[in-house]
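**Student:** Supplied in structure tokens, the structure appears directly below.
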Amino acid sequence: MSELKRRAFLTGAAAVAASLAVPQSASAQSPAGPRARRSPTAPVTREDHRAVVIGSGFGGGVAALRLAEAGVPVVVLERGIRWPSGPNAETFPRVSAPDKRFLWHQSVPQIFGRPIIEPYAGLLEIVPGENMTALCAAGVGGGSLVYQGMTLQPDEAVFNAHFPNELDWQTMNRVHYPRVAQMLKLAVAPDELIATPSYRAARVFAEHAQRAGLPVEKIPMPIDWSYALAETRGEMKPSYTNGDGAFGVNNGGKHSIDVTYLAAAEATGRVDVRTLHQVTDVARAKDGRWTVHVERIDRAGTVLETKILTTKTLVMAAGSLNTTKLLVRAAATGQIPDLPDALGGNWGTNADRIYVWTDLATGFGVPQGGPVVYGSKSWADPATACTVIQASMPPVGFDARSTMLVGYGVSESRGSFRYDSATDNAVLHWPKDGDTAIQTGHIDPIVRRIAGPASIVTDTNDYFPSTWHPLGGASMGTVCDLEGRVHDQPGLYVLDGALLPGSAAACNPSMTIAAVAERAMDHLVRTDVGTLI
């Protein structure tokens, strides 16, 4: 490796691998991770509820709110903690000073059976698999806590090429996508902010993309940009304007699910969000109702109490990884007989790629404001549609003369979760050449056109194949209907990224997950509340 490439790669390690690639050492764990420690006096309690939602991210937040508005009392089970933010808060960990808050306690690497850092109910779970490591969030608000915030809606042609036409893009475009946009209070970065020194990297990206003949536009974000402007005036400690919001925005102003959908749900008085409640198993009882086995843990992961919840209605919204793992294990162990054979399949990465773009001559400025301002959508051909955005380089303590580029697109590559009896867990299997067609044929060439010949471009996936956007596993059509009802399992629903068929149609998935859930809840409130719910 040349010195220039070595420097670019080390920059990626500092900015991405130090946070994203912390998971590399986690591969030494069993796929299930270490077992939670149990208090010797942990009691067992039983409860009965009308509706239980597992997970508090985009799908779970939508489901909880719309069920509550329909008069249904809901218990939301969230394994993580609340992460309250506000001006000058220090709730979230900073990339510049990583600590135990980064990792979910079962993802902490171990040496000789001992964790290398103090276990904690942290933000990020790592799920290592064959040829791919997938990442997901833990905490009230799910993935909305740590996602950069790009909130994109596929256009009609790309949507119809990759989702069932029966979803009806025209109606979703008129009703459900705008409803999500309103709930998340989407806005683009103001020109006043982009003109400040901290946002030089965003301006450079736009100039390079336009010079390459590519479309450029501002990306809608769930952000009150007045917070970032306040930072430029010195009224708050930097959180947006120094790129330090990669694992949560301390200053607030980010309209994540906890402060939008879930806050509205809790305000109805019908929703009980229970933190530090980790679901271990789901099963169908002999009377046809659903049982949910839960470990109530402390912040170090020690089990304080075991609960068995019984419910008429069970909504799986734990994210693609954990919804799929729970259901695949339930099917394999006979806890839920007769689940569809396609369960665990049609799983995709959304063709995620993360690049470090290094320009030693020009640089991008330090610090770099974020999270995201501009992107370039190459959607003319729905079969090869992809998107590239620029994201701020987190503070790494020196001028790396680099910034981040993120790409995602449509892909036919699919993996699967399969039960492994040796570990009693569902394990991810991904083809070694997965996503090669969209990556080598489209995303990578576009990234290099933007960067230009004088730059160094480092694809972090070459060193650490990973995805932040796992999708599928309990897909619409093969496992569920379009409203998330699991085939032949009355009262069991999937309303999260597991429902999407392995791709979000050249967008990051958050808006489509929420919009599909909104559409589903419109139908379920009309047809299932009062009968199955």
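Simple scheme: letters A, B, ... for chains in structure tokens order, numbers from 1 for residues in each chain, numbers from 1 for ligands in the order shown.
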Using the chain letters and numbers from this document, which residues of range 423-527 of chain A does DSSP assign to helix (DSSP H, G or I), as a PyMOL selection string?

**Tutor:** chain A and resi 436-451+460-462+497-499+510-527

**Student:** Deliver the residues from the most recent selection as a file, using C-alpha atoms, as a PDB file, in the first residue's frame.

**Tutor:**
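Below is the file again18.pdb, written as the result:
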ATOM      1  CA  THR A 436     -20.977  -6.251  -6.742  1.00  0.00           C
ATOM      2  CA  ALA A 437     -23.038  -5.231  -9.775  1.00  0.00           C
ATOM      3  CA  ILE A 438     -24.407  -1.978  -8.343  1.00  0.00           C
ATOM      4  CA  GLN A 439     -21.191  -1.223  -6.483  1.00  0.00           C
ATOM      5  CA  THR A 440     -18.607  -1.711  -9.226  1.00  0.00           C
ATOM      6  CA  GLY A 441     -20.884  -0.672 -12.060  1.00  0.00           C
ATOM      7  CA  HIS A 442     -22.476   2.436 -10.585  1.00  0.00           C
ATOM      8  CA  ILE A 443     -21.832   3.594  -6.999  1.00  0.00           C
ATOM      9  CA  ASP A 444     -18.029   3.397  -7.102  1.00  0.00           C
ATOM     10  CA  PRO A 445     -17.651   5.091 -10.521  1.00  0.00           C
ATOM     11  CA  ILE A 446     -19.932   7.942  -9.401  1.00  0.00           C
ATOM     12  CA  VAL A 447     -17.974   8.431  -6.184  1.00  0.00           C
ATOM     13  CA  ARG A 448     -14.713   8.615  -8.134  1.00  0.00           C
ATOM     14  CA  ARG A 449     -16.194  11.040 -10.674  1.00  0.00           C
ATOM     15  CA  ILE A 450     -17.150  13.330  -7.819  1.00  0.00           C
ATOM     16  CA  ALA A 451     -13.775  13.061  -6.094  1.00  0.00           C
ATOM     17  CA  THR A 460     -14.109   1.118   3.821  1.00  0.00           C
ATOM     18  CA  ASN A 461     -16.205  -1.887   2.787  1.00  0.00           C
ATOM     19  CA  ASP A 462     -13.117  -3.322   1.088  1.00  0.00           C
ATOM     20  CA  GLY A 497     -37.209  -2.899   8.135  1.00  0.00           C
ATOM     21  CA  ALA A 498     -37.693  -6.674   8.072  1.00  0.00           C
ATOM     22  CA  LEU A 499     -40.868  -6.081   6.041  1.00  0.00           C
ATOM     23  CA  SER A 510     -36.075   5.345   7.338  1.00  0.00           C
ATOM     24  CA  MET A 511     -38.747   7.293   5.476  1.00  0.00           C
ATOM     25  CA  THR A 512     -40.034   4.291   3.552  1.00  0.00           C
ATOM     26  CA  ILE A 513     -40.129   2.106   6.684  1.00  0.00           C
ATOM     27  CA  ALA A 514     -42.210   4.780   8.421  1.00  0.00           C
ATOM     28  CA  ALA A 515     -44.430   5.428   5.392  1.00  0.00           C
ATOM     29  CA  VAL A 516     -45.092   1.707   4.849  1.00  0.00           C
ATOM     30  CA  ALA A 517     -45.951   1.422   8.540  1.00  0.00           C
ATOM     31  CA  GLU A 518     -48.286   4.443   8.292  1.00  0.00           C
ATOM     32  CA  ARG A 519     -50.023   2.874   5.315  1.00  0.00           C
ATOM     33  CA  ALA A 520     -50.290  -0.454   7.134  1.00  0.00           C
ATOM     34  CA  MET A 521     -51.731   1.145  10.261  1.00  0.00           C
ATOM     35  CA  ASP A 522     -54.385   2.960   8.221  1.00  0.00           C
ATOM     36  CA  HIS A 523     -55.558  -0.451   6.998  1.00  0.00           C
ATOM     37  CA  LEU A 524     -55.162  -2.262  10.317  1.00  0.00           C
ATOM     38  CA  VAL A 525     -57.081   0.347  12.292  1.00  0.00           C
ATOM     39  CA  ARG A 526     -59.975  -0.016   9.839  1.00  0.00           C
ATOM     40  CA  THR A 527     -59.985  -3.807   9.560  1.00  0.00           C
TER      41      THR A 527
END

**Student:** From range 377-483 of chain A, collect each residue whose DSSP state is strand (DSSP E or B) and return the set as a VMD selection string.

**Tutor:** chain A and resid 377 to 378 386 to 391 402 to 409 415 to 420 425 to 429 456 to 459 466 to 467 471 476 480

**Student:** Leaving out Lys312 in chain A and any residue of its chain fewer than 4 positions from it, which residues lie within 7 Å of it when counting only C-alpha atoms, given as a PyMOL selection string?

**Tutor:** chain A and resi 50-51+289-290+491+533

**Student:** Considering only C-alpha atoms, state which residue in the set A:Trp104, A:Trp347, A:Tyr463, A:Tyr120 is at the smallest distance from Arg418 in chain A.

**Tutor:**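 Of A:Trp104, A:Trp347, A:Tyr463, A:Tyr120, the one nearest Arg418 in chain A is A:Trp347, counting only C-alpha atoms.
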
**Student:** Using only C-alpha atoms, I'd like a table of the residues in range 154-206 of chain A that come within 9 Å of range 232-252 of chain A; for each, show the closest atom pair and its distance in Å rounded to one decimal, ordered by chain and ascending number, as CSV.

**Tutor:**
residue,atom,partner,partner_atom,distance
A:Leu193,CA,A:Thr232,CA,8.2
A:Thr196,CA,A:Thr232,CA,8.0
A:Ser198,CA,A:Thr241,CA,6.1
A:Tyr199,CA,A:Thr241,CA,7.7

**Student:** Generate a file of the selected residues that holds C-alpha atoms, formatted as a PDB file, in the first residue's frame.

**Tutor:**
ATOM      1  CA  LEU A 193     -25.366  27.925   7.500  1.00  0.00           C
ATOM      2  CA  THR A 196     -20.036  29.285   7.148  1.00  0.00           C
ATOM      3  CA  SER A 198     -17.548  24.699   9.005  1.00  0.00           C
ATOM      4  CA  TYR A 199     -19.546  23.671   5.933  1.00  0.00           C
TER       5      TYR A 199
END

**Student:** Name the closest residue to Val53 in chain A among the candidates A:Glu207, A:Asp352, A:Asp272, A:Glu130; distances are taken between atoms, counting only C-alpha atoms.

**Tutor:**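 Result for the nearest residue to Val53 in chain A: A:Asp272.
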
**Student:** How many Å separate CA of Ala400 in chain A from CA of Gly363 in chain A?

**Tutor:** 7.9 Å

**Student:** Would you mind reading off the distance between CA of Ser402 in chain A and CA of Val457 in chain A, one decimal, in Å?

**Tutor:**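 Taking CA of Ser402 in chain A and CA of Val457 in chain A, their separation equals 9.4 Å.
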
**Student:** What does the distance from CA of Trp357 in chain A to CA of Leu321 in chain A come to in Å, to one decimal?

**Tutor:** 29.8 Å

**Student:** Please report as JSON lines every residue of range 289-321 of chain A lying within 10 Å of range 69-86 of chain A, along with the nearest atom pair and their distance in Å (one decimal), using only C-alpha atoms.

**Tutor:**
{"residue": "A:Val292", "atom": "CA", "partner": "A:Leu77", "partner_atom": "CA", "distance": 9.9}
{"residue": "A:Val294", "atom": "CA", "partner": "A:Leu77", "partner_atom": "CA", "distance": 8.7}
{"residue": "A:Glu295", "atom": "CA", "partner": "A:Arg79", "partner_atom": "CA", "distance": 8.8}
{"residue": "A:Arg296", "atom": "CA", "partner": "A:Arg79", "partner_atom": "CA", "distance": 8.2}
{"residue": "A:Ile297", "atom": "CA", "partner": "A:Arg79", "partner_atom": "CA", "distance": 8.2}
{"residue": "A:Asp298", "atom": "CA", "partner": "A:Gly80", "partner_atom": "CA", "distance": 9.7}
{"residue": "A:Arg299", "atom": "CA", "partner": "A:Ile81", "partner_atom": "CA", "distance": 8.0}
{"residue": "A:Gly301", "atom": "CA", "partner": "A:Arg79", "partner_atom": "CA", "distance": 9.7}
{"residue": "A:Leu309", "atom": "CA", "partner": "A:Val75", "partner_atom": "CA", "distance": 9.9}
{"residue": "A:Thr311", "atom": "CA", "partner": "A:Val75", "partner_atom": "CA", "distance": 9.9}
{"residue": "A:Thr313", "atom": "CA", "partner": "A:Val74", "partner_atom": "CA", "distance": 9.5}
{"residue": "A:Leu314", "atom": "CA", "partner": "A:Val75", "partner_atom": "CA", "distance": 10.0}
{"residue": "A:Val315", "atom": "CA", "partner": "A:Val76", "partner_atom": "CA", "distance": 9.4}
{"residue": "A:Ala317", "atom": "CA", "partner": "A:Val76", "partner_atom": "CA", "distance": 9.7}
{"residue": "A:Ala318", "atom": "CA", "partner": "A:Glu78", "partner_atom": "CA", "distance": 8.4}

**Student:** Print the selection's residues with N, CA and C atoms to a file, as a short mmCIF file (atom, residue, chain, number, x, y, z; two decimals), in the first residue's frame.

**Tutor:**
data_model
loop_
_atom_site.label_atom_id
_atom_site.label_comp_id
_atom_site.auth_asym_id
_atom_site.auth_seq_id
_atom_site.Cartn_x
_atom_site.Cartn_y
_atom_site.Cartn_z
N VAL A 292 -44.44 -13.47 25.11
CA VAL A 292 -43.19 -12.76 24.90
C VAL A 292 -42.34 -12.92 26.16
N VAL A 294 -39.21 -11.96 28.35
CA VAL A 294 -38.46 -10.71 28.49
C VAL A 294 -37.52 -10.80 29.68
N GLU A 295 -36.34 -10.26 29.51
CA GLU A 295 -35.42 -10.05 30.62
C GLU A 295 -35.34 -8.55 30.92
N ARG A 296 -35.73 -8.18 32.14
CA ARG A 296 -35.54 -6.80 32.56
C ARG A 296 -34.13 -6.68 33.12
N ILE A 297 -33.35 -5.81 32.53
CA ILE A 297 -31.92 -5.73 32.85
C ILE A 297 -31.59 -4.36 33.46
N ASP A 298 -30.42 -4.28 34.06
CA ASP A 298 -29.92 -2.97 34.46
C ASP A 298 -29.00 -2.45 33.36
N ARG A 299 -28.39 -1.31 33.56
CA ARG A 299 -27.60 -0.68 32.49
C ARG A 299 -26.32 -1.45 32.18
N GLY A 301 -26.44 -4.74 31.92
CA GLY A 301 -26.89 -5.96 31.26
C GLY A 301 -27.23 -7.09 32.20
N LEU A 309 -44.96 -12.07 29.06
CA LEU A 309 -46.12 -11.27 28.68
C LEU A 309 -46.99 -12.07 27.72
N THR A 311 -50.28 -11.73 25.07
CA THR A 311 -50.98 -10.68 24.35
C THR A 311 -51.76 -11.25 23.17
N THR A 313 -52.20 -9.34 20.51
CA THR A 313 -51.60 -8.70 19.35
C THR A 313 -50.12 -8.48 19.60
N LEU A 314 -49.28 -9.00 18.71
CA LEU A 314 -47.84 -8.84 18.83
C LEU A 314 -47.29 -8.20 17.56
N VAL A 315 -46.71 -7.01 17.73
CA VAL A 315 -46.11 -6.29 16.61
C VAL A 315 -44.59 -6.39 16.74
N ALA A 317 -41.23 -5.09 15.80
CA ALA A 317 -40.64 -3.86 15.26
C ALA A 317 -39.25 -3.66 15.85
N ALA A 318 -38.54 -4.76 16.02
CA ALA A 318 -37.20 -4.73 16.62
C ALA A 318 -36.11 -4.49 15.60
#

**Student:** Which of these residues is nearest to Ser320 in chain A, using only C-alpha atoms: A:Leu471, A:Val410, A:Ala285, A:Val44?

**Tutor:**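 Checking each candidate against Ser320 in chain A, we get A:Leu471 as the closest.
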